[in-house]
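This is run26.txt (compact mmCIF, C-alpha atoms).
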```txt
# COMPACT_ATOMS: atom_id res chain seq x y z
CA GLY A 1 54.40 37.02 94.45
CA PRO A 2 56.11 38.06 91.24
CA ALA A 3 59.10 36.19 89.85
CA ALA A 4 60.86 39.52 89.27
CA ALA A 5 60.24 43.25 89.55
CA VAL A 6 61.89 45.80 87.26
CA LEU A 7 62.57 49.36 88.35
CA THR A 8 63.17 52.01 85.70
CA ARG A 9 65.30 55.01 86.64
CA GLY A 10 65.19 57.09 83.47
CA GLY A 11 68.66 57.97 82.27
CA ASP A 12 70.17 56.09 85.20
CA GLY A 13 69.11 52.72 83.78
CA LEU A 14 67.09 49.75 84.94
CA SER A 15 67.27 47.24 87.77
CA VAL A 16 65.56 43.96 88.45
CA ARG A 17 65.10 42.19 91.75
CA THR A 18 64.27 38.51 91.48
CA ARG A 19 62.21 36.38 93.83
CA ASP A 20 65.40 34.88 95.30
CA GLY A 21 66.66 38.38 96.21
CA ALA A 22 69.22 38.79 93.43
CA GLU A 23 69.52 42.26 91.95
CA HIS A 24 70.88 43.13 88.52
CA THR A 25 71.36 46.64 87.11
CA VAL A 26 72.31 48.16 83.77
CA PRO A 27 73.11 51.81 83.06
CA GLY A 28 70.94 53.99 80.87
CA GLU A 29 71.92 54.69 77.29
CA ARG A 30 72.99 58.29 76.74
CA VAL A 31 71.08 60.14 74.01
CA ASP A 32 69.95 63.65 73.25
CA VAL A 33 66.42 63.53 74.66
CA VAL A 34 63.76 64.92 72.33
CA ASP A 35 60.65 63.49 73.99
CA THR A 36 59.99 60.98 76.79
CA ILE A 37 56.46 60.08 75.68
CA GLY A 38 56.27 56.32 75.28
CA ALA A 39 59.53 55.48 77.06
CA GLY A 40 57.85 53.42 79.78
CA ASP A 41 55.66 51.57 77.31
CA THR A 42 58.75 50.89 75.21
CA VAL A 43 60.55 49.42 78.23
CA ASN A 44 57.63 47.07 78.93
CA ALA A 45 57.39 45.95 75.32
CA ALA A 46 61.15 45.47 75.02
CA LEU A 47 61.28 43.46 78.26
CA LEU A 48 58.54 41.13 77.04
CA HIS A 49 60.18 40.82 73.61
CA ARG A 50 63.56 39.90 75.07
CA LEU A 51 62.06 37.61 77.74
CA ALA A 52 60.30 35.76 74.91
CA GLU A 53 63.60 35.43 73.03
CA HIS A 54 65.08 33.86 76.19
CA LYS A 55 62.00 31.59 76.40
CA ALA A 56 61.28 33.05 79.85
CA LEU A 57 57.62 34.03 79.97
CA SER A 58 56.52 31.86 82.90
CA PRO A 59 57.45 32.48 86.54
CA ALA A 60 59.58 29.30 86.60
CA GLU A 61 61.43 30.29 83.42
CA ILE A 62 62.00 33.84 84.72
CA ALA A 63 63.40 32.39 87.95
CA SER A 64 65.94 30.38 85.95
CA LEU A 65 67.53 33.43 84.26
CA ASP A 66 71.14 34.09 85.21
CA ALA A 67 72.93 37.43 85.68
CA GLY A 68 74.15 37.56 82.08
CA GLN A 69 70.68 36.94 80.71
CA TRP A 70 69.24 39.66 82.94
CA ARG A 71 71.92 42.13 81.76
CA ASP A 72 71.00 41.29 78.17
CA ILE A 73 67.26 41.73 78.80
CA LEU A 74 67.63 44.97 80.75
CA GLY A 75 70.21 46.36 78.31
CA PHE A 76 67.88 45.67 75.39
CA ALA A 77 65.09 47.56 77.15
CA ALA A 78 67.42 50.46 77.99
CA ARG A 79 68.52 50.75 74.35
CA ALA A 80 64.91 50.64 73.15
CA ALA A 81 63.83 53.37 75.57
CA ALA A 82 66.80 55.54 74.59
CA ILE A 83 65.82 55.35 70.93
CA THR A 84 62.23 56.27 71.81
CA CYS A 85 63.44 59.28 73.81
CA SER A 86 65.59 60.44 70.90
CA ARG A 87 62.50 60.87 68.69
CA ALA A 88 59.56 63.24 68.77
CA GLY A 89 56.31 61.56 69.76
CA ALA A 90 55.86 57.98 70.89
CA GLN A 91 57.93 56.22 68.23
CA PRO A 92 59.44 53.05 69.69
CA PRO A 93 62.09 51.30 67.65
CA TYR A 94 61.62 48.17 65.59
CA ALA A 95 63.50 45.11 66.88
CA SER A 96 65.77 45.36 63.83
CA GLU A 97 66.96 48.78 65.05
CA LEU A 98 68.23 47.17 68.25
CA ALA A 99 70.27 44.38 66.67
```

Please express the file's structure as structure tokens.
Amino acid sequence: GPAAAVLTRGGDGLSVRTRDGAEHTVPGERVDVVDTIGAGDTVNAALLHRLAEHKALSPAEIASLDAGQWRDILGFAARAAAITCSRAGAQPPYASELA
């Protein structure tokens, strides 16, 4: 099975459940929503981007992530989705906008 599964909950944030049963959650970022088109795609892209920065793209590497790393990864994705939702059309942020 998967090393981890992420659940998006819109403005309520994101959660991940790992293969070992651990669950980590971050709140959503509050913004004035203009458009939700592209928010889910942005979350997926941001998760992959941040997983790559943590050098965690294989199942074994994902399994080695700790709670703090998961909060960082999920928080990054939540911020990215919030920026996308604050813009008209599917306009995800550049990584530099999330620094």

Distance criterion (all atoms listed in the file): nearest to Ser86 (chain A) out of A:Gly38, A:Gly68, A:Pro27, A:Gly21
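Among A:Gly38, A:Gly68, A:Pro27, A:Gly21, it is A:Gly38 that comes nearest to Ser86 (chain A).
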
Selected residue of minimal separation from Arg87 (chain A) among A:Ser58, A:Thr36, A:Thr18, A:Asn44, counting only C-alpha atoms
A:Thr36

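Excluding Ser15 (chain A) and any residue on its chain fewer than 6 positions from it, the residues at most 12 Å away by all atoms listed in the file are Ala4, Ala5, Val6, Leu7, Thr8, Arg9, Ala22, Glu23, His24, Thr25, Val26, Pro27, Gly28, Val43, Leu47, Ala67, Trp70, Arg71, Asp72, Ile73, Leu74, Gly75, Ala77 and Ala78 of chain A.
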
Which residues, written as a compact mmCIF listing (two decimals) with C-alpha atoms, keeping the file's coordinate frame, have at least one atom at most 10 Å from His54 (chain A), with all atoms listed in the file counted and residues fewer than 3 positions away on the same chain left out?
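In the end it all went to around.txt:
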```txt
# COMPACT_ATOMS: atom_id res chain seq x y z
CA LEU A 48 58.54 41.13 77.04
CA HIS A 49 60.18 40.82 73.61
CA ARG A 50 63.56 39.90 75.07
CA LEU A 51 62.06 37.61 77.74
CA LEU A 57 57.62 34.03 79.97
CA GLU A 61 61.43 30.29 83.42
CA ILE A 62 62.00 33.84 84.72
CA LEU A 65 67.53 33.43 84.26
CA GLN A 69 70.68 36.94 80.71
CA TRP A 70 69.24 39.66 82.94
CA ASP A 72 71.00 41.29 78.17
CA ILE A 73 67.26 41.73 78.80
```

Size and centre in Å, one decimal, axis-aligned box, all listed region 29-32 of chain A atoms plus 6 Å per side, as JSON:
```
{"center_x": 71.5, "center_y": 59.2, "center_z": 75.3, "size_x": 15.0, "size_y": 21.0, "size_z": 16.0}
```

Work out how far apart CA of Tyr94 (chain A) and CA of Ala82 (chain A) are and give it in Å to one decimal.
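So the two atoms, CA of Tyr94 (chain A) and CA of Ala82 (chain A), lie 12.7 Å apart.
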
Residue nearest Val31 (chain A) - candidates A:Asp66, A:Phe76, A:Gly10, A:Ala60, atoms counted: only C-alpha atoms:
A:Gly10

Which protein, DNA or RNA residues have an atom at most 7 Å from (59.3, 33.9, 96.1), counting only C-alpha atoms? List them as a ChimeraX atom specification.
/A:1,3,19-20
